[in-house]
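**Q** Got a structure for you, coords18.tsv, holding TSV, C-alpha atoms.
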chain	number	residue	atom	x	y	z
Q	55	MET	CA	-4.53	4.48	93.55
Q	56	LYS	CA	-1.85	4.18	96.23
Q	57	GLY	CA	1.72	3.07	95.80
Q	58	ASN	CA	5.35	3.22	96.73
Q	59	LEU	CA	7.99	5.30	94.96
Q	60	HIS	CA	10.27	2.27	94.90
Q	61	ASP	CA	7.73	0.58	92.63
Q	62	MET	CA	6.80	3.62	90.58
Q	63	GLY	CA	9.09	6.65	90.50
Q	64	ILE	CA	7.97	10.26	90.21
Q	65	ALA	CA	8.88	10.43	86.51
Q	66	ASP	CA	6.87	7.27	85.86
Q	67	LEU	CA	3.91	8.76	87.76
Q	68	ILE	CA	4.06	11.89	85.61
Q	69	GLN	CA	4.45	9.92	82.41
Q	70	HIS	CA	1.60	7.56	83.34
Q	71	ASN	CA	-0.87	10.35	84.15
Q	72	CYS	CA	0.09	12.43	81.12
Q	73	GLN	CA	0.01	9.64	78.59
Q	74	ASP	CA	-3.42	8.62	79.87
Q	75	ARG	CA	-4.44	12.30	79.53
Q	76	LYS	CA	-5.68	12.33	83.12
Q	77	THR	CA	-7.08	15.06	85.28
Q	78	ALA	CA	-5.97	14.07	88.76
Q	79	GLN	CA	-4.24	14.99	92.00
Q	80	VAL	CA	-1.24	13.00	93.18
Q	81	SER	CA	-0.12	13.43	96.78
Q	82	ILE	CA	3.43	12.29	97.50
Q	83	GLN	CA	4.93	11.70	100.95
Q	84	HIS	CA	8.67	11.55	101.42
Q	85	ASP	CA	10.71	11.83	104.60
Q	86	GLY	CA	7.91	13.63	106.48
Q	87	ARG	CA	7.29	16.05	103.63
Q	88	GLN	CA	4.24	16.16	101.37
Q	89	ALA	CA	4.09	17.38	97.80
Q	90	VAL	CA	1.12	17.56	95.45
Q	91	LEU	CA	0.99	17.33	91.68
Q	92	PHE	CA	-2.07	18.30	89.67
Q	93	PHE	CA	-2.74	17.05	86.16
Q	94	ARG	CA	-5.27	18.48	83.74
Q	95	ASP	CA	-6.00	16.67	80.48
Q	96	GLY	CA	-2.62	14.99	80.48
Q	97	GLU	CA	-0.43	17.94	81.40
Q	98	VAL	CA	1.17	18.83	84.74
Q	99	VAL	CA	-0.38	22.19	85.57
Q	100	HIS	CA	0.38	22.70	89.25
Q	101	ALA	CA	2.82	21.42	91.86
Q	102	GLY	CA	3.15	22.38	95.49
Q	103	LEU	CA	5.64	21.56	98.24
Q	104	GLU	CA	5.40	23.38	101.57
Q	105	ASP	CA	5.24	27.05	100.57
Q	106	ARG	CA	6.66	26.55	97.07
Q	107	VAL	CA	4.72	26.04	93.85
Q	108	GLY	CA	5.49	25.54	90.17
Q	109	GLU	CA	8.12	23.82	88.05
Q	110	GLU	CA	10.86	23.98	90.68
Q	111	VAL	CA	8.78	21.73	92.90
Q	112	VAL	CA	8.66	19.11	90.14
Q	113	TYR	CA	12.44	19.26	89.74
Q	114	GLU	CA	12.82	18.94	93.51
Q	115	ILE	CA	10.56	15.92	93.90
Q	116	LEU	CA	12.09	14.13	90.90
Q	117	LYS	CA	15.02	13.55	93.30
Q	118	TRP	CA	12.80	11.60	95.71
Q	119	GLU	CA	13.50	7.93	95.42
Q	120	ASP	CA	11.51	6.64	98.36
Q	121	GLY	CA	8.14	7.46	99.86
Q	122	THR	CA	4.50	6.86	99.04
Q	123	PHE	CA	1.94	8.36	96.73
Q	124	GLU	CA	-1.81	8.49	96.39
Q	125	THR	CA	-3.75	9.45	93.28
Q	126	GLU	CA	-7.20	11.00	93.30
Q	127	ASN	CA	-8.71	10.98	89.84
Q	128	SER	CA	-10.73	13.89	88.41
Q	129	ALA	CA	-9.55	16.31	91.13
Q	130	PRO	CA	-9.50	19.76	89.52
Q	131	PRO	CA	-6.30	21.79	89.88
Q	132	PRO	CA	-6.74	24.79	92.21
Q	133	LYS	CA	-4.53	26.94	89.95
Q	134	THR	CA	-2.03	26.78	87.10
Q	135	THR	CA	1.56	27.34	88.07
Q	136	ILE	CA	3.24	25.21	85.38
Q	137	HIS	CA	3.15	25.99	81.66
Q	138	THR	CA	5.89	23.68	80.40
Q	139	ASN	CA	4.71	20.47	78.75
Q	140	TRP	CA	5.30	17.25	80.67
Q	141	SER	CA	8.06	15.89	78.47
Q	142	GLY	CA	9.89	19.21	78.74
Q	143	LEU	CA	9.60	19.00	82.54
Q	144	LEU	CA	11.01	15.48	82.59
Q	145	LEU	CA	13.82	16.41	80.25
Q	146	GLU	CA	14.82	19.42	82.31
Q	147	GLY	CA	14.48	17.35	85.51
Q	148	ALA	CA	16.76	14.69	84.05
Q	149	ARG	CA	19.27	17.33	83.00
Q	150	ARG	CA	19.37	18.73	86.55
Q	151	LEU	CA	19.74	15.29	88.03
Q	152	ASP	CA	22.63	14.67	85.68
Q	153	GLU	CA	24.26	17.92	86.68
Q	154	ARG	CA	24.04	16.88	90.33
Q	155	ALA	CA	25.45	13.48	89.53
Q	156	THR	CA	28.50	14.61	87.58
Q	157	PRO	CA	31.82	14.89	89.46
Q	158	ALA	CA	32.14	18.48	88.21
Q	159	SER	CA	29.21	19.52	90.41
Q	160	HIS	CA	31.37	20.43	93.38
Q	161	SER	CA	28.59	22.48	94.95
Q	162	VAL	CA	26.44	19.39	95.46
Q	163	PRO	CA	27.16	17.71	98.80
Q	164	GLU	CA	28.52	14.25	98.23
Q	165	GLU	CA	26.01	12.53	100.48
Q	166	ARG	CA	23.17	14.00	98.40
Q	167	ALA	CA	24.77	13.42	95.05
Q	168	SER	CA	25.89	9.86	95.56
Q	169	PRO	CA	22.51	8.09	95.54
Q	170	VAL	CA	21.74	9.66	92.20
Q	171	SER	CA	25.01	8.62	90.66
Q	172	GLN	CA	24.75	5.12	92.08
Q	173	SER	CA	21.34	4.26	90.63
Q	174	VAL	CA	20.07	5.89	87.47
Q	175	PRO	CA	16.26	5.63	87.44
Q	176	GLU	CA	14.88	3.90	84.38
Q	177	GLU	CA	12.60	6.83	83.45
Q	178	ARG	CA	15.60	9.18	83.20
Q	179	THR	CA	17.37	6.87	80.85
Q	180	GLU	CA	14.19	6.68	78.74
Q	181	VAL	CA	13.98	10.46	78.44
Q	182	HIS	CA	17.66	10.64	77.60
Q	183	ALA	CA	17.31	7.87	75.08
Q	184	MET	CA	14.54	9.85	73.39
Q	185	ALA	CA	16.62	13.05	73.32
Q	186	THR	CA	19.63	11.17	72.02
Q	187	SER	CA	17.54	9.52	69.34
Q	188	LEU	CA	16.04	12.87	68.23
Q	189	GLU	CA	19.49	14.45	68.14
Q	190	SER	CA	20.92	11.67	66.03
Q	191	ILE	CA	18.01	12.06	63.56
Q	192	LEU	CA	18.59	15.82	63.48
Q	193	LYS	CA	22.28	15.21	62.84
Q	194	GLU	CA	21.46	12.85	60.00
Q	195	MET	CA	18.97	15.36	58.60
Q	196	GLY	CA	21.60	18.09	58.78
Q	197	GLY	CA	23.87	15.96	56.63
Q	198	GLU	CA	21.27	15.86	53.87
Q	199	ILE	CA	20.22	19.53	53.86
Q	200	THR	CA	22.46	21.72	51.77
Q	201	GLY	CA	23.63	24.78	53.68
Q	202	PHE	CA	22.40	23.32	56.98
Q	203	LEU	CA	23.20	25.54	59.96
Q	204	ALA	CA	21.00	24.21	62.77
Q	205	GLY	CA	18.02	22.03	63.49
Q	206	VAL	CA	15.78	21.77	66.54
Q	207	VAL	CA	12.83	19.81	67.81
Q	208	ALA	CA	10.99	22.18	70.10
Q	209	GLY	CA	7.69	22.42	71.91
Q	210	MET	CA	5.26	25.26	71.42
Q	211	ASP	CA	6.57	26.62	74.72
Q	212	GLY	CA	9.84	27.35	72.89
Q	213	ILE	CA	11.87	24.79	74.79
Q	214	ASN	CA	14.12	22.42	72.87
Q	215	LEU	CA	13.66	18.69	73.12
Q	216	ALA	CA	16.69	18.19	70.95
Q	217	SER	CA	18.98	20.25	68.77
Q	218	HIS	CA	21.91	19.94	66.44
Q	219	ALA	CA	24.00	22.73	64.98
Q	220	LYS	CA	26.83	22.82	62.47
Q	221	SER	CA	28.81	25.06	64.79
Q	222	THR	CA	28.97	25.13	68.57
Q	223	LYS	CA	28.69	28.91	68.39
Q	224	VAL	CA	25.06	28.63	67.25
Q	225	ASP	CA	22.63	29.33	70.09
Q	226	THR	CA	19.91	26.77	69.41
Q	227	GLU	CA	17.93	27.83	72.49
Q	228	ALA	CA	17.61	31.36	71.08
Q	229	ILE	CA	16.71	29.97	67.67
Q	230	SER	CA	13.89	27.88	69.16
Q	231	ALA	CA	12.57	30.77	71.20
Q	232	GLN	CA	12.44	33.07	68.16
Q	233	MET	CA	11.04	30.40	65.83
Q	234	THR	CA	8.33	29.49	68.30
Q	235	MET	CA	7.20	33.10	68.72
Q	236	LEU	CA	6.80	33.46	64.98
Q	237	PHE	CA	5.19	30.06	64.45
Q	238	LYS	CA	2.69	30.68	67.24
Q	239	LEU	CA	1.69	34.02	65.76
Q	240	VAL	CA	1.28	32.44	62.33
Q	241	ASP	CA	-0.89	29.72	63.84
Q	242	THR	CA	-3.09	32.00	65.93
Q	243	SER	CA	-3.43	34.50	63.08
Q	244	THR	CA	-4.57	31.89	60.60
Q	245	ALA	CA	-6.91	30.40	63.20
Q	246	LYS	CA	-8.50	33.83	63.73
Q	247	LEU	CA	-8.81	34.29	59.99
Q	248	ALA	CA	-10.47	30.91	59.73
Q	249	GLU	CA	-13.04	32.07	62.29
Q	250	VAL	CA	-13.78	35.16	60.21
Q	251	GLN	CA	-14.14	33.03	57.08
Q	252	GLU	CA	-16.14	30.43	59.06
Q	253	GLN	CA	-13.69	27.75	57.95
Q	254	THR	CA	-10.98	25.66	59.49
Q	255	ILE	CA	-7.39	26.28	58.49
Q	256	GLU	CA	-4.56	23.95	59.43
Q	257	VAL	CA	-1.03	25.34	59.33
Q	258	GLU	CA	1.54	22.80	58.17
Q	259	ASP	CA	4.73	24.83	58.02
Q	260	ASN	CA	6.19	28.29	57.90
Q	261	LEU	CA	9.23	29.27	55.84
Q	262	LEU	CA	10.93	32.56	56.52
Q	263	THR	CA	13.37	33.71	53.86
Q	264	THR	CA	15.83	36.40	54.81
Q	265	GLU	CA	18.86	37.90	53.09
Q	266	GLY	CA	21.11	35.35	54.78
Q	267	ALA	CA	19.07	32.26	55.56
Q	268	TYR	CA	16.04	30.05	55.16
Q	269	VAL	CA	14.20	29.36	58.42
Q	270	LEU	CA	11.71	26.52	58.23
Q	271	MET	CA	9.30	25.43	60.95
Q	272	ARG	CA	7.20	22.33	60.36
Q	273	TYR	CA	4.65	20.89	62.76
Q	274	LEU	CA	5.06	17.33	63.95
Q	275	PRO	CA	1.82	15.34	64.21
Q	276	GLY	CA	-0.30	16.54	67.13
Q	277	LYS	CA	1.04	20.08	66.72
Q	278	GLN	CA	2.59	20.13	70.20
Q	279	TYR	CA	6.08	20.07	68.75
Q	280	TYR	CA	7.74	21.18	65.57
Q	281	VAL	CA	10.98	20.66	63.74
Q	282	GLY	CA	12.87	23.86	62.94
Q	283	VAL	CA	15.73	24.17	60.48
Q	284	ILE	CA	17.98	27.06	59.53
Q	285	ALA	CA	19.94	26.80	56.29
Q	286	ASP	CA	22.37	29.20	54.74
Q	287	ARG	CA	20.75	31.14	51.88
Q	288	LYS	CA	23.85	30.97	49.67
Q	289	GLY	CA	24.57	27.26	50.04
Q	290	GLY	CA	20.97	26.22	50.66
Q	291	ASN	CA	18.40	24.88	48.29
Q	292	LEU	CA	14.77	25.60	49.08
Q	293	GLY	CA	13.33	22.47	47.47
Q	294	ASN	CA	15.88	20.27	49.23
Q	295	LEU	CA	15.12	21.96	52.56
Q	296	ARG	CA	11.37	21.47	52.27
Q	297	LEU	CA	11.64	17.88	51.07
Q	298	ILE	CA	14.23	16.67	53.57
Q	299	SER	CA	12.56	18.39	56.53
Q	300	LYS	CA	9.27	16.73	55.59
Q	301	LEU	CA	10.86	13.28	55.32
Q	302	TYR	CA	12.77	13.66	58.58
Q	303	GLY	CA	9.74	15.22	60.27
Q	304	ASP	CA	8.01	11.86	59.93
Q	305	ARG	CA	11.01	10.06	61.42
Q	306	LEU	CA	11.25	12.54	64.29
Q	307	ALA	CA	7.54	12.13	64.99
Q	308	LYS	CA	8.01	8.38	65.34
Q	309	ALA	CA	10.84	8.91	67.84
Q	310	MET	CA	8.73	11.25	69.99
Q	311	PRO	CA	7.07	10.08	73.23
Q	312	LYS	CA	3.54	8.88	72.60
H	53	MET	CA	-9.84	54.37	35.68
H	54	PRO	CA	-7.65	51.81	37.47
H	55	SER	CA	-4.62	53.09	39.33
H	56	LYS	CA	-1.09	52.16	38.27
H	57	LEU	CA	-0.92	49.86	41.28
H	58	ASP	CA	-4.13	48.08	40.28
H	59	THR	CA	-2.80	47.74	36.72
H	60	VAL	CA	0.44	46.09	37.89
H	61	HIS	CA	-1.61	43.88	40.18
H	62	GLN	CA	-3.74	42.76	37.23
H	63	GLU	CA	-0.62	42.14	35.10
H	64	PHE	CA	0.73	39.89	37.82
H	65	ARG	CA	-2.56	38.00	38.06
H	66	THR	CA	-2.62	37.49	34.30
H	67	GLU	CA	0.92	36.19	34.32
H	68	ILE	CA	0.47	33.81	37.22
H	69	GLY	CA	-2.65	32.34	35.60
H	70	PRO	CA	-5.08	30.03	37.35
H	71	ASP	CA	-2.77	29.41	40.33
H	72	PHE	CA	-4.19	32.42	42.09
H	73	PHE	CA	-6.52	33.15	45.02
H	74	MET	CA	-5.79	36.73	45.90
H	75	SER	CA	-3.10	39.40	46.14
H	76	MET	CA	-3.02	42.40	48.41
H	77	ILE	CA	-0.71	45.31	49.20
H	78	VAL	CA	-0.72	46.24	52.87
H	79	GLY	CA	0.90	49.11	54.70
H	80	MET	CA	2.79	48.78	57.97
H	81	ASP	CA	-0.39	50.05	59.61
H	82	GLY	CA	-2.08	46.81	58.55
H	83	LEU	CA	-4.41	48.50	56.08
H	84	SER	CA	-4.81	47.25	52.53
H	85	ILE	CA	-4.22	49.81	49.77
H	86	SER	CA	-4.87	47.54	46.79
H	87	ASN	CA	-6.12	44.03	46.20
H	88	ASN	CA	-6.99	41.68	43.40
H	89	ALA	CA	-8.89	38.50	44.17
H	90	ALA	CA	-10.32	35.46	42.47
H	91	ILE	CA	-12.12	34.41	45.64
H	92	GLU	CA	-14.40	36.14	48.16
H	93	ILE	CA	-12.06	38.07	50.50
H	94	GLU	CA	-14.47	40.35	52.34
H	95	GLY	CA	-13.33	39.21	55.77
H	96	PHE	CA	-9.73	38.74	54.74
H	97	ALA	CA	-9.31	42.21	53.27
H	98	SER	CA	-9.57	43.91	56.65
H	99	GLU	CA	-8.68	41.38	59.35
H	100	GLY	CA	-6.34	39.37	57.13
H	101	ALA	CA	-4.34	42.42	56.13
H	102	ALA	CA	-3.82	43.42	59.74
H	103	ARG	CA	-2.89	39.93	60.88
H	104	MET	CA	-0.48	39.33	58.02
H	105	ALA	CA	1.18	42.67	58.77
H	106	MET	CA	1.65	41.49	62.37
H	107	ILE	CA	3.33	38.33	61.11
H	108	ALA	CA	5.57	40.32	58.76
H	109	LYS	CA	6.64	42.66	61.56
H	110	LEU	CA	7.47	39.80	63.90
H	111	ALA	CA	9.30	37.96	61.10
H	112	ASP	CA	11.39	41.11	60.62
H	113	LYS	CA	12.20	41.19	64.34
H	114	VAL	CA	13.03	37.47	64.44
H	115	SER	CA	15.37	37.86	61.46
H	116	ALA	CA	17.12	40.72	63.23
H	117	LYS	CA	17.41	38.81	66.52
H	118	LEU	CA	18.88	35.79	64.77
H	119	GLY	CA	21.29	37.97	62.81
H	120	ILE	CA	20.36	36.47	59.44
H	121	GLY	CA	19.67	39.65	57.53
H	122	ARG	CA	16.49	41.39	56.55
H	123	MET	CA	13.32	39.40	55.95
H	124	GLU	CA	12.46	38.93	52.29
H	125	ASP	CA	9.34	36.84	52.58
H	126	ASP	CA	7.43	34.47	54.80
H	127	LEU	CA	5.64	31.48	53.32
H	128	VAL	CA	2.87	29.82	55.32
H	129	THR	CA	1.71	26.42	54.10
H	130	ILE	CA	-1.87	25.70	55.12
H	131	ASP	CA	-4.10	22.81	54.16
H	132	GLN	CA	-5.94	24.95	51.60
H	133	GLY	CA	-3.05	26.77	50.00
H	134	LEU	CA	0.08	28.86	50.35
H	135	LEU	CA	0.24	32.33	51.86
H	136	VAL	CA	3.25	34.45	51.01
H	137	ILE	CA	4.05	37.71	52.80
H	138	ARG	CA	6.80	39.66	51.05
H	139	ASN	CA	8.54	42.87	51.95
H	140	LEU	CA	8.23	45.62	49.35
H	141	GLY	CA	10.86	48.32	48.84
H	142	ASN	CA	12.11	49.70	52.12
H	143	GLY	CA	9.76	47.46	54.09
H	144	SER	CA	7.04	50.04	54.62
H	145	TYR	CA	4.61	47.90	52.58
H	146	TYR	CA	3.96	44.18	52.41
H	147	TRP	CA	2.68	42.09	49.56
H	148	ILE	CA	0.36	39.26	50.56
H	149	LEU	CA	-0.33	36.56	48.03
H	150	ALA	CA	-2.54	33.48	48.42
H	151	VAL	CA	-2.32	30.66	45.91
H	152	PRO	CA	-3.65	27.09	45.87
H	153	ARG	CA	-1.53	24.15	47.05
H	154	THR	CA	-1.26	23.06	43.44
H	155	ALA	CA	0.60	26.25	42.51
H	156	THR	CA	4.18	25.86	41.34
H	157	LEU	CA	6.03	27.44	44.23
H	158	GLY	CA	9.19	28.09	42.26
H	159	THR	CA	7.24	30.00	39.61
H	160	VAL	CA	5.28	31.92	42.23
H	161	ARG	CA	8.47	33.01	43.96
H	162	MET	CA	10.13	33.92	40.68
H	163	LEU	CA	7.17	36.05	39.58
H	164	MET	CA	6.94	37.68	42.99
H	165	ALA	CA	10.62	38.60	42.81
H	166	GLU	CA	9.99	40.11	39.36
H	167	TYR	CA	6.85	42.03	40.32
H	168	ALA	CA	7.86	43.23	43.78
H	169	PRO	CA	9.87	46.24	42.44
H	170	LYS	CA	7.09	47.04	39.96
H	171	LEU	CA	4.46	47.07	42.70
H	172	TRP	CA	6.74	49.13	44.94
H	173	ASP	CA	7.23	51.69	42.16
H	174	ALA	CA	3.47	51.82	41.55
H	175	ILE	CA	2.59	52.66	45.16
H	176	PRO	CA	1.49	56.30	45.26
H	177	ARG	CA	3.67	58.54	47.43
Before we go any further, please render this structure as structure tokens.
**A**
Amino acid sequence: MKGNLHDMGIADLIQHNCQDRKTAQVSIQHDGRQAVLFFRDGEVVHAGLEDRVGEEVVYEILKWEDGTFETENSAPPPKTTIHTNWSGLLLEGARRLDERATPASHSVPEERASPVSQSVPEERTEVHAMATSLESILKEMGGEITGFLAGVVAGMDGINLASHAKSTKVDTEAISAQMTMLFKLVDTSTAKLAEVQEQTIEVEDNLLTTEGAYVLMRYLPGKQYYVGVIADRKGGNLGNLRLISKLYGDRLAKAMPK
Amino acid sequence: MPSKLDTVHQEFRTEIGPDFFMSMIVGMDGLSISNNAAIEIEGFASEGAARMAMIAKLADKVSAKLGIGRMEDDLVTIDQGLLVIRNLGNGSYYWILAVPRTATLGTVRMLMAEYAPKLWDAIPR
């Protein structure tokens, strides 16, 4: 498939290939430069531009608004240089584009920043709409959980898709990173045990109770993302936490990208 | 003759009733020192003990990193049941309990809170 970036932007290309769970190579030409993106089973696994590889290349080419592309289906990736899931890449790319576009970004030369601020690509607004929607659901959920301190929707790479905390002092990025480590270990440990028992075991959630807090992690359908909640032990209610997080987990799942 | 630890274990099993798969006391080294089971746990007794100890250790670290106090227990909900890993005493031993999904979680937690000090006291030192 060949096309023009005016008709289909880089974010759309990524979204299209990932949602169709493709294994493919996409070559992109822009201003005399050529970048390549490799997809494997619907995830971006490698990107290259001149002598650079990895996530930074994706963030760089998300700025390209004109040029051409060509897709070669079933082309195997030569290596894996990207481990972040595709929606996480797009979200981070959108965040960086926003940073460049804001007037506060004095370090960005005006002639480079202005095209971004003048036309906001549709795919960026979609990603932002999703994040905003998840955050508003988290906020609503927080209002119904007694002792609520913070809530996150994070990928199994530990990166937040959305977060909401009662206080701005709460570091939701650190919470997600720690929760994910624990949840991953729980999942792999039970999977290994299932192998020993020659069974299958599906983890649904993990609830850590400490002296000061309840920490709940619940998988969203597909198990690529989870909702995490921290509630104060004194003000919190375990039954309320489990029930509300389950109900809102379903709502969050519906707001996630398909 | 059963040890004091085995006796307390059996008391707990009697009290919790049919909502019971297995219970195990595991050291920080990941080795089980006592267990009581209503199901076949041959594979679980060795590998399960070690893996659950790994989870407990990481849960301890996560609690410390997040500044939310010491870990008391970790409850894993799986399709076939509930797995609870609870710190005993000074944290040098863990109590692993598996119960069916139909178990009354509130009762399980209440009984675990009651029996944790008894099990800790019964561990030979």
**Q** Do you have the atom CA of Q:Tyr280-atom CA of Q:Gly209 distance handy?
**A**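 Calculated distance between atom CA of Q:Tyr280 and atom CA of Q:Gly209 is 6.5 Å.
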**Q** Up to 7 Å from chain H, what residues of chain Q turn up? Count all atoms listed in the file and give them as a ChimeraX atom specification.
**A** /Q:229,232,236,239-240,243,247,250-251,255-267
**Q** Rank Q:Thr77, Q:Asn294, Q:Thr122, Q:Asn58 by their smallest atom-to-atom distance to Q:Thr200, using only C-alpha atoms, and report the top residue only.
**A**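 That would be Q:Asn294, the residue with the smallest distance to Q:Thr200.
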**Q** For the atom pair atom CA of Q:Lys220 and atom CA of Q:Trp140, what is the interatomic distance in Å to one decimal place?
**A**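 Distance reported for this atom pair: 28.7 Å.
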**Q** What is the distance, in Å and to one decimal place, between atom CA of H:Ile77 and atom CA of H:Gly141?
**A** 12.0 Å
**Q** I'd like the contact shell of H:Phe64 - 12 Å cut-off, all atoms listed in the file, skipping same-chain residues fewer than 2 positions apart - returned as a VMD selection string.
**A** chain H and resid 57 to 62 66 to 72 74 to 76 87 to 89 149 159 to 160 162 to 168 170 to 171
**Q** Output C-alpha atoms for every residue in that selection, as a PDB file, keeping the file's coordinate frame.
**A**
ATOM      1  CA  LEU H  57      -0.920  49.860  41.280  1.00  0.00           C
ATOM      2  CA  ASP H  58      -4.130  48.080  40.280  1.00  0.00           C
ATOM      3  CA  THR H  59      -2.800  47.740  36.720  1.00  0.00           C
ATOM      4  CA  VAL H  60       0.440  46.090  37.890  1.00  0.00           C
ATOM      5  CA  HIS H  61      -1.610  43.880  40.180  1.00  0.00           C
ATOM      6  CA  GLN H  62      -3.740  42.760  37.230  1.00  0.00           C
ATOM      7  CA  THR H  66      -2.620  37.490  34.300  1.00  0.00           C
ATOM      8  CA  GLU H  67       0.920  36.190  34.320  1.00  0.00           C
ATOM      9  CA  ILE H  68       0.470  33.810  37.220  1.00  0.00           C
ATOM     10  CA  GLY H  69      -2.650  32.340  35.600  1.00  0.00           C
ATOM     11  CA  PRO H  70      -5.080  30.030  37.350  1.00  0.00           C
ATOM     12  CA  ASP H  71      -2.770  29.410  40.330  1.00  0.00           C
ATOM     13  CA  PHE H  72      -4.190  32.420  42.090  1.00  0.00           C
ATOM     14  CA  MET H  74      -5.790  36.730  45.900  1.00  0.00           C
ATOM     15  CA  SER H  75      -3.100  39.400  46.140  1.00  0.00           C
ATOM     16  CA  MET H  76      -3.020  42.400  48.410  1.00  0.00           C
ATOM     17  CA  ASN H  87      -6.120  44.030  46.200  1.00  0.00           C
ATOM     18  CA  ASN H  88      -6.990  41.680  43.400  1.00  0.00           C
ATOM     19  CA  ALA H  89      -8.890  38.500  44.170  1.00  0.00           C
ATOM     20  CA  LEU H 149      -0.330  36.560  48.030  1.00  0.00           C
ATOM     21  CA  THR H 159       7.240  30.000  39.610  1.00  0.00           C
ATOM     22  CA  VAL H 160       5.280  31.920  42.230  1.00  0.00           C
ATOM     23  CA  MET H 162      10.130  33.920  40.680  1.00  0.00           C
ATOM     24  CA  LEU H 163       7.170  36.050  39.580  1.00  0.00           C
ATOM     25  CA  MET H 164       6.940  37.680  42.990  1.00  0.00           C
ATOM     26  CA  ALA H 165      10.620  38.600  42.810  1.00  0.00           C
ATOM     27  CA  GLU H 166       9.990  40.110  39.360  1.00  0.00           C
ATOM     28  CA  TYR H 167       6.850  42.030  40.320  1.00  0.00           C
ATOM     29  CA  ALA H 168       7.860  43.230  43.780  1.00  0.00           C
ATOM     30  CA  LYS H 170       7.090  47.040  39.960  1.00  0.00           C
ATOM     31  CA  LEU H 171       4.460  47.070  42.700  1.00  0.00           C
TER      32      LEU H 171
END
**Q** Within 8 Å of (-4.6, 18.2, 80.0) in the file's own coordinates, which protein, DNA or RNA residues have an atom, counting all atoms listed in the file? List them as a PyMOL selection string.
**A** chain Q and resi 72+75-77+93-98
**Q** For stretch 203-207 of chain Q, list every protein, DNA or RNA residue within 9 Å, evaluated using all atoms listed in the file, and leave out those in the same chain fewer than 3 positions away; present the list as a list of chain:residue names.
**A**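 Once the adjacent positions are removed, what remains is Q:Leu188, Q:Glu189, Q:Leu192, Q:Lys193, Q:Met195, Q:Gly196, Q:Ile213, Q:Asn214, Q:Leu215, Q:Ala216, Q:Ser217, Q:His218, Q:Ala219, Q:Lys220, Q:Ser221, Q:Val224, Q:Thr226, Q:Glu227, Q:Ile229, Q:Ser230, Q:Tyr279, Q:Tyr280, Q:Val281, Q:Gly282, Q:Val283, Q:Ile284, Q:Ala285, Q:Asp286, Q:Leu306.
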**Q** Extract, using only C-alpha atoms, all DNA, RNA and protein residues at most 8 Å from Q:Phe237, discarding same-chain residues fewer than 4 positions from it, and format them as a ChimeraX atom specification.
**A** /Q:233,241,260,271
**Q** Considering only C-alpha atoms, can you say which of Q:Phe202, Q:Leu91, Q:Leu145, Q:Gln69 comes closest to Q:Glu124?
**A**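 Smallest separation from Q:Glu124 among the options: Q:Leu91.
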